[in-house]
>>> print(open('input_33.txt').read())   # compact mmCIF, C-alpha atoms
# COMPACT_ATOMS: atom_id res chain seq x y z
CA MET A 1 24.04 33.55 204.40
CA SER A 2 23.88 32.56 200.76
CA ASP A 3 25.07 29.18 199.54
CA GLU A 4 27.53 31.00 197.34
CA PHE A 5 29.03 32.71 200.37
CA ALA A 6 29.11 29.42 202.28
CA LEU A 7 31.34 27.93 199.58
CA ARG A 8 33.64 30.93 199.77
CA LEU A 9 33.74 30.66 203.54
CA HIS A 10 34.91 27.05 203.28
CA ALA A 11 37.47 28.06 200.68
CA TYR A 12 38.61 30.85 202.99
CA ALA A 13 39.04 28.41 205.87
CA ASP A 14 40.96 26.13 203.51
CA GLY A 15 43.31 28.94 202.49
CA GLU A 16 42.15 28.64 198.91
CA LEU A 17 41.24 32.27 198.25
CA ASP A 18 43.61 34.78 196.73
CA GLY A 19 44.26 38.13 198.43
CA GLY A 20 41.37 40.07 196.90
CA GLU A 21 38.80 37.33 197.48
CA ALA A 22 40.01 36.77 201.01
CA ARG A 23 39.71 40.47 201.81
CA ALA A 24 36.15 40.50 200.47
CA VAL A 25 35.23 37.61 202.74
CA GLU A 26 36.88 39.32 205.70
CA ALA A 27 34.96 42.51 205.00
CA HIS A 28 31.70 40.60 205.04
CA LEU A 29 32.67 38.74 208.21
CA GLU A 30 33.06 42.11 209.96
CA THR A 31 29.37 42.74 209.46
CA CYS A 32 27.94 39.24 209.94
CA ALA A 33 28.07 37.50 213.30
CA ALA A 34 26.36 34.37 211.98
CA CYS A 35 29.05 34.07 209.30
CA ARG A 36 31.78 34.41 211.94
CA ALA A 37 30.17 31.63 213.94
CA ASP A 38 30.01 29.50 210.79
CA LEU A 39 33.66 30.09 210.09
CA ALA A 40 34.53 29.12 213.64
CA ARG A 41 32.56 25.89 213.26
CA ILE A 42 34.27 25.05 209.98
CA ARG A 43 37.68 25.65 211.53
CA GLU A 44 36.81 23.60 214.56
CA LEU A 45 35.70 20.68 212.42
CA LYS A 46 38.79 20.89 210.19
CA ALA A 47 41.02 20.93 213.25
CA ALA A 48 39.19 17.95 214.76
CA VAL A 49 39.50 15.93 211.57
CA LYS A 50 43.15 16.81 211.27
CA ARG A 51 43.88 16.28 214.93
CA VAL A 52 42.99 12.65 214.77
CA ASP A 53 45.91 11.02 213.13
CA TRP A 54 43.98 8.98 210.60
CA GLY A 55 47.37 8.48 209.19
CA ARG A 56 48.03 4.90 208.80
CA VAL A 57 50.98 4.17 206.68
CA ALA A 58 50.92 1.41 204.14
CA PRO A 59 51.79 -1.88 205.84
CA GLN A 60 55.44 -2.75 205.34
CA GLY A 61 54.55 -6.04 203.68
CA LEU A 62 52.43 -4.25 201.12
CA ALA A 63 55.09 -1.67 200.34
CA ASP A 64 57.78 -4.33 200.01
CA GLY A 65 55.55 -6.53 197.87
CA ILE A 66 54.76 -3.66 195.53
CA ARG A 67 58.39 -2.66 195.22
CA ARG A 68 59.32 -6.24 194.37
CA ARG A 69 56.53 -6.60 191.84
CA VAL A 70 57.39 -3.31 190.19
CA ALA A 71 61.05 -4.24 189.95
CA ALA A 72 60.19 -7.70 188.59
CA ASP A 73 57.76 -6.16 186.14
CA ARG A 74 60.45 -3.80 184.92
CA ALA A 75 63.03 -6.57 184.57
CA ARG A 76 60.56 -8.73 182.68
CA ARG A 77 59.58 -5.95 180.33
CA THR A 78 63.17 -5.06 179.61
CA ALA A 79 63.85 -8.71 178.85
CA ILE A 80 60.94 -8.92 176.44
CA TRP A 81 61.95 -5.80 174.58
CA SER A 82 65.61 -6.61 174.36
CA GLY A 83 64.73 -10.07 173.10
CA GLY A 84 63.36 -8.32 170.03
CA GLY A 85 60.28 -9.32 168.10
CA LEU A 86 57.71 -8.72 170.75
CA MET A 87 54.93 -11.13 170.05
CA ALA A 88 51.40 -10.54 171.14
CA ALA A 89 51.27 -14.02 172.58
CA SER A 90 54.13 -13.49 174.96
CA LEU A 91 52.78 -10.14 176.05
CA MET A 92 49.45 -11.76 176.69
CA ALA A 93 51.07 -14.52 178.69
CA ALA A 94 52.95 -11.95 180.73
CA MET A 95 49.76 -10.03 181.39
CA LEU A 96 48.00 -13.16 182.53
CA LEU A 97 50.90 -14.05 184.74
CA PHE A 98 50.91 -10.66 186.37
CA ARG A 99 47.23 -10.07 186.67
CA PRO A 100 46.23 -9.31 190.23
CA VAL A 101 45.22 -12.44 192.02
CA SER A 102 41.98 -12.73 193.85
CA PRO A 103 41.89 -15.64 196.26
CA VAL A 104 38.12 -15.36 196.45
CA ASP A 105 37.75 -15.85 192.70
CA ASP A 106 40.03 -18.88 192.85
CA VAL A 107 38.13 -20.36 195.78
CA VAL A 108 34.80 -19.97 194.02
CA ALA A 109 36.19 -21.40 190.78
CA GLY A 110 37.65 -24.36 192.67
CA HIS A 111 34.35 -24.96 194.43
CA GLN A 112 32.47 -24.93 191.14
CA ARG A 113 35.02 -27.27 189.56
CA ALA A 114 34.55 -29.72 192.42
CA LEU A 115 30.75 -29.48 192.20
CA ARG A 116 31.02 -30.47 188.53
CA GLY A 117 33.17 -33.39 189.60
CA ALA A 118 36.03 -31.95 187.57
CA ALA A 119 38.57 -31.42 190.34
CA PRO A 120 41.71 -33.51 189.99
CA ASP A 121 43.56 -34.92 192.96
CA THR A 122 40.60 -35.77 195.15
CA VAL A 123 40.22 -38.45 197.78
CA ALA A 124 37.08 -39.70 199.51
CA ALA A 125 37.23 -39.43 203.30
CA SER A 126 37.30 -42.73 205.05
CA GLY A 127 38.60 -43.70 208.46
CA GLY A 128 41.04 -40.88 209.08
CA ASN A 129 42.82 -41.14 205.72
CA VAL A 130 42.57 -37.44 204.87
CA LYS A 131 45.21 -36.09 207.21
CA PRO A 132 48.06 -38.36 205.99
CA TRP A 133 46.87 -37.94 202.40
CA LEU A 134 47.20 -34.15 202.67
CA LYS A 135 50.43 -34.41 204.60
CA ALA A 136 52.03 -36.22 201.67
CA ARG A 137 51.02 -33.44 199.30
CA LEU A 138 51.37 -30.17 201.21
CA ASP A 139 54.06 -28.36 203.13
CA PHE A 140 51.59 -27.16 205.72
CA ALA A 141 49.04 -28.91 207.89
CA PRO A 142 45.48 -27.66 207.57
CA PRO A 143 43.05 -28.47 210.39
CA VAL A 144 41.14 -31.64 209.55
CA LEU A 145 37.95 -32.52 211.41
CA GLU A 146 35.98 -35.59 210.35
CA VAL A 147 32.86 -34.17 211.95
CA ALA A 148 32.43 -30.44 212.57
CA GLY A 149 29.17 -29.64 214.32
CA GLY A 150 26.43 -30.62 211.91
CA CYS A 151 28.90 -31.06 209.06
CA ARG A 152 30.46 -34.30 207.91
CA LEU A 153 33.72 -34.55 205.97
CA VAL A 154 33.16 -36.35 202.66
CA SER A 155 36.29 -35.73 200.63
CA ALA A 156 39.50 -33.78 200.35
CA ARG A 157 41.57 -32.43 197.51
CA THR A 158 44.45 -30.14 196.78
CA ASP A 159 44.02 -26.97 194.76
CA ARG A 160 45.76 -23.71 193.99
CA VAL A 161 44.52 -20.40 195.32
CA ALA A 162 46.22 -17.11 194.50
CA ARG A 163 49.04 -19.18 193.01
CA ARG A 164 49.63 -20.93 196.31
CA LYS A 165 49.06 -24.50 197.32
CA ALA A 166 45.79 -25.03 199.08
CA SER A 167 43.82 -27.80 200.66
CA ALA A 168 40.10 -28.10 200.19
CA LEU A 169 37.97 -30.22 202.50
CA THR A 170 34.46 -30.93 201.32
CA TYR A 171 31.79 -31.11 204.01
CA MET A 172 28.13 -31.89 203.79
CA CYS A 173 26.19 -29.48 206.00
CA ASN A 174 22.38 -29.73 206.10
CA GLY A 175 22.26 -30.90 202.51
CA HIS A 176 24.69 -28.22 201.26
CA THR A 177 28.16 -28.90 199.95
CA VAL A 178 30.66 -26.67 201.73
CA ASP A 179 34.30 -26.42 200.77
CA PHE A 180 36.75 -25.44 203.46
CA TYR A 181 39.94 -24.01 201.98
CA ALA A 182 43.24 -23.50 203.76
CA ILE A 183 46.05 -21.69 201.98
CA SER A 184 49.55 -21.36 203.28
CA GLY A 185 50.15 -17.74 204.22
CA ASN A 186 52.38 -15.18 202.62
CA GLY A 187 54.02 -12.13 204.09
CA ARG A 188 51.04 -9.99 203.41
CA THR A 189 48.19 -12.01 204.77
CA GLU A 190 50.00 -13.00 207.93
CA GLN A 191 49.70 -9.52 209.26
CA SER A 192 46.18 -9.13 208.03
CA PRO A 193 43.95 -8.10 210.90
CA LEU A 194 41.17 -10.30 209.58
CA VAL A 195 41.33 -12.82 212.39
CA VAL A 196 37.58 -12.72 212.65
CA PRO A 197 35.53 -14.26 209.86
CA HIS A 198 34.58 -11.88 207.08
CA VAL A 199 31.65 -12.52 204.86
CA ILE A 200 32.30 -12.01 201.22
CA ARG A 201 29.74 -12.48 198.53
CA ALA A 202 30.99 -13.69 195.20
CA GLN A 203 28.73 -14.60 192.32
CA ASP A 204 26.03 -16.86 193.71
CA TYR A 205 28.06 -18.15 196.61
CA HIS A 206 28.80 -17.12 200.12
CA VAL A 207 32.41 -17.03 201.08
CA VAL A 208 33.62 -16.58 204.61
CA GLY A 209 37.28 -15.78 205.00
CA TRP A 210 39.48 -15.65 208.06
CA GLN A 211 43.04 -15.95 209.16
CA ARG A 212 44.30 -18.88 211.20
CA GLY A 213 47.88 -18.19 212.20
CA LYS A 214 49.79 -18.50 208.96
CA LEU A 215 46.90 -20.04 207.11
CA THR A 216 44.30 -18.11 205.19
CA CYS A 217 40.99 -19.93 205.39
CA PHE A 218 37.83 -19.72 203.34
CA ALA A 219 34.54 -21.55 203.55
CA VAL A 220 32.51 -21.41 200.35
CA SER A 221 29.05 -22.70 199.61
CA ASP A 222 25.55 -21.85 198.54
CA ALA A 223 24.58 -22.62 202.13
CA PRO A 224 23.31 -19.77 204.32
CA VAL A 225 26.02 -17.50 205.70
CA GLY A 226 25.08 -18.54 209.22
CA ASP A 227 25.98 -22.16 208.47
CA LEU A 228 29.36 -21.11 207.08
CA LEU A 229 30.09 -18.99 210.12
CA THR A 230 29.10 -21.86 212.40
CA LEU A 231 31.47 -24.17 210.57
CA ALA A 232 34.24 -21.56 210.67
CA ARG A 233 33.84 -21.03 214.40
CA TYR A 234 33.64 -24.78 215.00
CA ILE A 235 36.88 -25.36 213.14
CA GLU A 236 38.56 -22.50 214.98
CA THR A 237 37.52 -23.75 218.40
CA HIS A 238 37.92 -27.49 217.90
CA ALA A 239 40.88 -28.01 215.62
CA ALA A 240 44.24 -28.60 217.24
CA ASP A 241 47.11 -26.86 215.54
CA GLY A 242 49.34 -28.83 213.25
CA MET B 1 64.28 25.41 173.78
CA LYS B 2 63.37 21.82 174.34
CA LEU B 3 65.03 19.61 171.76
CA PHE B 4 63.48 16.37 172.83
CA THR B 5 61.52 14.92 175.67
CA LEU B 6 62.75 11.95 177.52
CA ARG B 7 60.28 9.20 178.13
CA PRO B 8 60.13 8.81 181.89
CA SER B 9 62.18 5.78 182.82
CA GLN B 10 61.07 2.99 185.09
CA SER B 11 63.27 3.96 187.98
CA GLU B 12 61.68 7.36 187.57
CA PHE B 13 58.40 5.61 188.36
CA GLU B 14 59.85 4.24 191.52
CA ARG B 15 61.16 7.68 192.48
CA GLN B 16 58.04 9.65 191.65
CA VAL B 17 55.16 7.35 192.42
CA LEU B 18 56.20 4.93 195.14
CA PRO B 19 56.76 7.66 197.77
CA HIS B 20 52.98 8.19 197.70
CA LEU B 21 52.11 4.65 198.75
CA ASP B 22 51.09 5.71 202.26
CA GLY B 23 48.68 8.33 201.01
CA ALA B 24 47.37 5.90 198.41
CA TYR B 25 46.76 3.33 201.12
CA ARG B 26 44.98 5.86 203.34
CA LEU B 27 42.73 6.89 200.47
CA ALA B 28 41.92 3.28 199.63
CA LEU B 29 41.32 2.45 203.29
CA TRP B 30 38.87 5.27 203.79
CA LEU B 31 37.04 4.43 200.61
CA VAL B 32 36.71 0.68 201.00
CA ARG B 33 36.84 0.67 204.83
CA ASP B 34 38.65 -2.64 205.10
CA PRO B 35 42.43 -2.95 205.50
CA ALA B 36 42.87 -6.14 203.49
CA THR B 37 40.75 -4.85 200.62
CA ALA B 38 42.62 -1.55 200.74
CA GLU B 39 45.88 -3.42 200.29
CA ASP B 40 44.50 -5.24 197.27
CA VAL B 41 43.24 -1.97 195.84
CA VAL B 42 46.60 -0.24 196.26
CA GLN B 43 48.57 -3.13 194.85
CA ASP B 44 46.24 -3.38 191.88
CA ALA B 45 46.40 0.38 191.30
CA VAL B 46 50.18 0.66 191.53
CA LEU B 47 50.70 -2.18 189.07
CA LYS B 48 48.19 -0.58 186.71
CA ALA B 49 50.00 2.72 187.11
CA HIS B 50 53.28 1.02 186.39
CA ALA B 51 51.90 -0.55 183.24
CA ALA B 52 50.59 2.84 182.12
CA TRP B 53 53.69 4.79 183.11
CA GLY B 54 54.80 5.18 179.51
CA ARG B 55 51.69 7.26 178.86
CA TYR B 56 52.25 9.50 181.88
CA THR B 57 53.76 12.71 180.63
CA ALA B 58 54.21 15.17 183.40
CA GLY B 59 52.35 16.84 186.19
CA ASN B 60 51.42 15.66 189.62
CA ALA B 61 52.43 12.04 190.14
CA ARG B 62 50.55 11.85 193.44
CA ALA B 63 47.31 13.07 191.88
CA TRP B 64 47.81 10.65 189.03
CA LEU B 65 48.31 7.71 191.38
CA PHE B 66 45.36 8.75 193.56
CA THR B 67 43.15 8.89 190.47
CA ILE B 68 43.99 5.28 189.69
CA VAL B 69 43.63 4.17 193.31
CA ARG B 70 40.26 5.83 193.52
CA ARG B 71 39.07 4.18 190.32
CA SER B 72 40.22 0.78 191.58
CA ALA B 73 38.50 1.34 194.90
CA TYR B 74 35.22 2.30 193.26
CA ASP B 75 35.48 -0.64 190.87
CA GLY B 76 35.87 -2.90 193.87
CA LEU B 77 32.95 -1.29 195.66
CA ARG B 78 30.81 -1.68 192.58
CA ARG B 79 31.68 -5.34 192.20
CA THR B 80 30.76 -5.66 195.88
CA LEU B 81 33.06 -8.64 196.08
CA VAL B 82 33.92 -7.41 199.49
CA THR B 83 32.96 -6.94 202.39
CA VAL B 84 30.25 -7.14 204.89
CA ASP B 85 31.72 -7.17 208.32
CA VAL B 86 30.14 -9.81 210.45
CA ASP B 87 30.97 -8.30 213.77
CA ASP B 88 31.38 -4.74 212.82
CA GLU B 89 33.31 -3.68 215.86
CA THR B 90 35.84 -6.47 215.52
CA ALA B 91 36.77 -5.77 211.92
CA TRP B 92 38.57 -2.58 212.53
CA THR B 93 38.56 -1.12 215.98
CA PRO B 94 38.84 2.59 216.64
CA GLU B 95 41.98 1.99 218.67
CA ASP B 96 43.38 0.38 215.60
CA ALA B 97 42.49 3.23 213.33
CA VAL B 98 43.12 6.19 215.50
CA HIS B 99 46.53 7.03 216.76
CA LEU B 100 46.58 10.08 218.90
CA ARG B 101 49.47 12.35 218.55
CA ASP B 102 52.26 12.07 221.06
CA GLU B 103 51.89 15.57 222.39
CA ASP B 104 48.45 14.77 223.80
CA SER B 105 48.55 14.60 227.55
CA PRO B 106 47.03 11.57 229.28
CA GLU B 107 44.10 13.62 230.57
CA THR B 108 43.12 14.81 227.15
CA THR B 109 43.69 11.44 225.56
CA LEU B 110 40.48 9.86 226.80
CA ILE B 111 38.36 12.73 225.65
CA ALA B 112 40.25 13.01 222.42
CA GLY B 113 39.89 9.28 221.96
CA GLU B 114 36.14 9.47 222.40
CA MET B 115 35.95 12.43 220.06
CA ALA B 116 38.15 10.68 217.54
CA ARG B 117 36.00 7.58 217.69
CA ARG B 118 32.86 9.59 217.03
CA LEU B 119 34.49 11.52 214.27
CA ARG B 120 35.76 8.37 212.63
CA GLU B 121 32.34 6.77 212.79
CA ALA B 122 30.66 9.87 211.43
CA LEU B 123 33.16 10.14 208.59
CA LEU B 124 32.86 6.45 207.77
CA GLY B 125 29.11 6.87 207.67
CA LEU B 126 29.23 9.57 205.00
CA PRO B 127 28.69 8.61 201.38
CA ALA B 128 32.03 7.96 199.71
CA VAL B 129 31.89 11.07 197.49
CA PHE B 130 31.82 13.30 200.54
CA ARG B 131 34.19 11.18 202.58
CA GLU B 132 36.89 11.33 199.93
CA VAL B 133 36.75 15.07 199.44
CA ILE B 134 37.08 15.75 203.18
CA MET B 135 39.94 13.28 203.44
CA LEU B 136 41.82 14.69 200.50
CA LYS B 137 41.47 18.23 201.81
CA ASP B 138 41.75 17.96 205.57
CA ILE B 139 43.91 14.88 205.94
CA GLU B 140 46.02 14.82 202.79
CA ASP B 141 46.07 18.61 202.53
CA MET B 142 45.53 18.67 198.79
CA PRO B 143 44.70 21.92 197.00
CA TYR B 144 41.20 22.12 195.45
CA LYS B 145 42.72 22.06 191.99
CA THR B 146 44.49 18.76 192.61
CA ILE B 147 41.42 17.23 194.24
CA ALA B 148 39.44 18.22 191.17
CA GLU B 149 42.05 16.45 189.04
CA VAL B 150 41.88 13.29 191.14
CA LEU B 151 38.09 13.24 191.12
CA GLY B 152 37.79 14.29 187.50
CA VAL B 153 35.28 17.02 188.34
CA PRO B 154 35.34 20.85 188.17
CA VAL B 155 36.74 22.79 191.14
CA GLY B 156 33.23 24.13 191.80
CA THR B 157 32.02 20.58 192.40
CA VAL B 158 34.86 19.96 194.84
CA MET B 159 33.84 23.10 196.73
CA SER B 160 30.17 22.24 196.92
CA ARG B 161 30.85 18.64 197.96
CA LEU B 162 33.24 19.83 200.62
CA ALA B 163 30.73 22.29 202.06
CA ARG B 164 27.92 19.76 201.94
CA GLY B 165 30.10 16.96 203.30
CA ARG B 166 31.25 19.05 206.26
CA ASP B 167 27.68 20.03 207.01
CA MET B 168 26.66 16.36 206.96
CA LEU B 169 29.60 15.41 209.11
CA ARG B 170 28.79 18.03 211.70
CA ALA B 171 25.13 17.01 211.69
CA ARG B 172 26.17 13.42 212.38
CA LEU B 173 28.47 14.46 215.18
CA VAL B 174 25.70 16.42 216.83
CA GLU B 175 23.29 13.56 216.28
CA VAL B 176 25.39 11.02 218.15
CA GLN B 177 26.01 13.25 221.16
CA PRO B 178 24.44 11.55 224.18
>>> encode(input="input_33.txt", output="structure tokens")
Amino acid sequence: MSDEFALRLHAYADGELDGGEARAVEAHLETCAACRADLARIRELKAAVKRVDWGRVAPQGLADGIRRRVAADRARRTAIWSGGGLMAASLMAAMLLFRPVSPVDDVVAGHQRALRGAAPDTVAASGGNVKPWLKARLDFAPPVLEVAGGCRLVSARTDRVARRKASALTYMCNGHTVDFYAISGNGRTEQSPLVVPHVIRAQDYHVVGWQRGKLTCFAVSDAPVGDLLTLARYIETHAADG
Amino acid sequence: MKLFTLRPSQSEFERQVLPHLDGAYRLALWLVRDPATAEDVVQDAVLKAHAAWGRYTAGNARAWLFTIVRRSAYDGLRRTLVTVDVDDETAWTPEDAVHLRDEDSPETTLIAGEMARRLREALLGLPAVFREVIMLKDIEDMPYKTIAEVLGVPVGTVMSRLARGRDMLRARLVEVQP
């Protein structure tokens, strides 16, 4: 069977041939048992692929979020236009405001800022002061461990990730600085199935992300991934809720 | 005679494009293979589409949206910001991904489940260019012409990728038989 005929056989199985072409294929099939067997295999495979309902629908949270964003976007644009005198600056500001957020980018940027010593709102850890310090600043309670396996808590700070309030705990692990981020959840991430740690690589850092109830957590560092996973698992198994 | 053309309005966007969110999500999911990333891809793509809606003239809104979703997905894959699953089987289980149809009897469900699992794994193992063409044809039921539009390639390329992709898929299925 020629390659050319193979393509037409697939197209025939897909119902993509017009009457004349289809009849030509059928005429050839009459004379070619191998081609008939091929057609049967193609149909069988198509049916198998179709039979499995791959069909997930978009998660409700995603659909709702998109609808809201689109509506807000529309309202905002109408407002800008009807205000007259559209200035490049305001358009730019709007674009920045509505750019898709990447929590991973924010986490890495926050980590770098802290490494440069440029993070505001930081406190050194000393004698259990971190938990009350964070409590006064956040509307959620991230897990705080003074010692987590081979890691020692050295400082804490607040930050913003994906436009949400976040806590960042800085640990020293085998000579590496590791930031542990907790971000209060939103409708979308709460139903994220990522309850197990996921490794994400961003720039020169390793980022491990996971979901802890309503909190989205990230550990970021230049430390080996294994160390980050160990810390993540330690936090998950040893931290009491709240 | 057409006296003027109306610029499609924003609510027109909501009417024409948003009904295809499910398909867009499926496409993103099968390209990036991670539910959370797929959500980001779809959200990103729909907002881009919304911003560009003024330039959309007419035609197939679904194909247009899929084109943007696909581009976003590939951009994400290229940036490789995401994702290496640590424990592969925990990230997205077959039970999670595969919903058997209701009409399946209990006896056939186990076999079908096993078959579905293999098929899913084989499809996920294909290079993305073959995976997407099989998905768009056999799952989304798109005509070749529309697939060609989404992929930005000639119909002939769609046909050859489909034939090659199905051959690869079948080879993988045979390969994993015990």
>>> closest_residue(input="input_33.txt", among="A:Gly61, A:Gly209, A:Gly175, A:Gly149", to="Leu231 of chain A", atoms="only C-alpha atoms")
A:Gly149
>>> residues_around(input="input_33.txt", residues="segment 155-167 of chain A", least_positions_apart="3", cutoff="8 Å", atoms="only C-alpha atoms", output="list in words")
Val101, Ser102, Pro103, Asp106, Val107, Gly110, Ala119, Pro120, Asp121, Thr122, Val123, Ala124, Ala125, Val130, Leu134, Arg137, Leu138, Pro142, Thr170, Tyr171, Phe180, Tyr181, Ala182, Ile183 and Ser184 of chain A
>>> atom_distance(input="input_33.txt", atom1="atom CA of Ile235 of chain A", atom2="atom CA of Gln211 of chain A")
11.9 Å
>>> closest_residue(input="input_33.txt", among="A:Ala141, A:Val108, A:Ala13, A:Ile66", to="chain B", atoms="all atoms listed in the file")
A:Ile66
>>> closest_residue(input="input_33.txt", among="B:Ala73, B:Ala38, B:Met168, B:Ala163", to="chain A", atoms="all atoms listed in the file")
B:Ala163
>>> atom_distance(input="input_33.txt", atom1="atom CA of Asp73 of chain A", atom2="atom CA of Gly59 of chain B")
23.6 Å
>>> atom_distance(input="input_33.txt", atom1="atom CA of Arg41 of chain A", atom2="atom CA of Arg170 of chain B")
8.9 Å
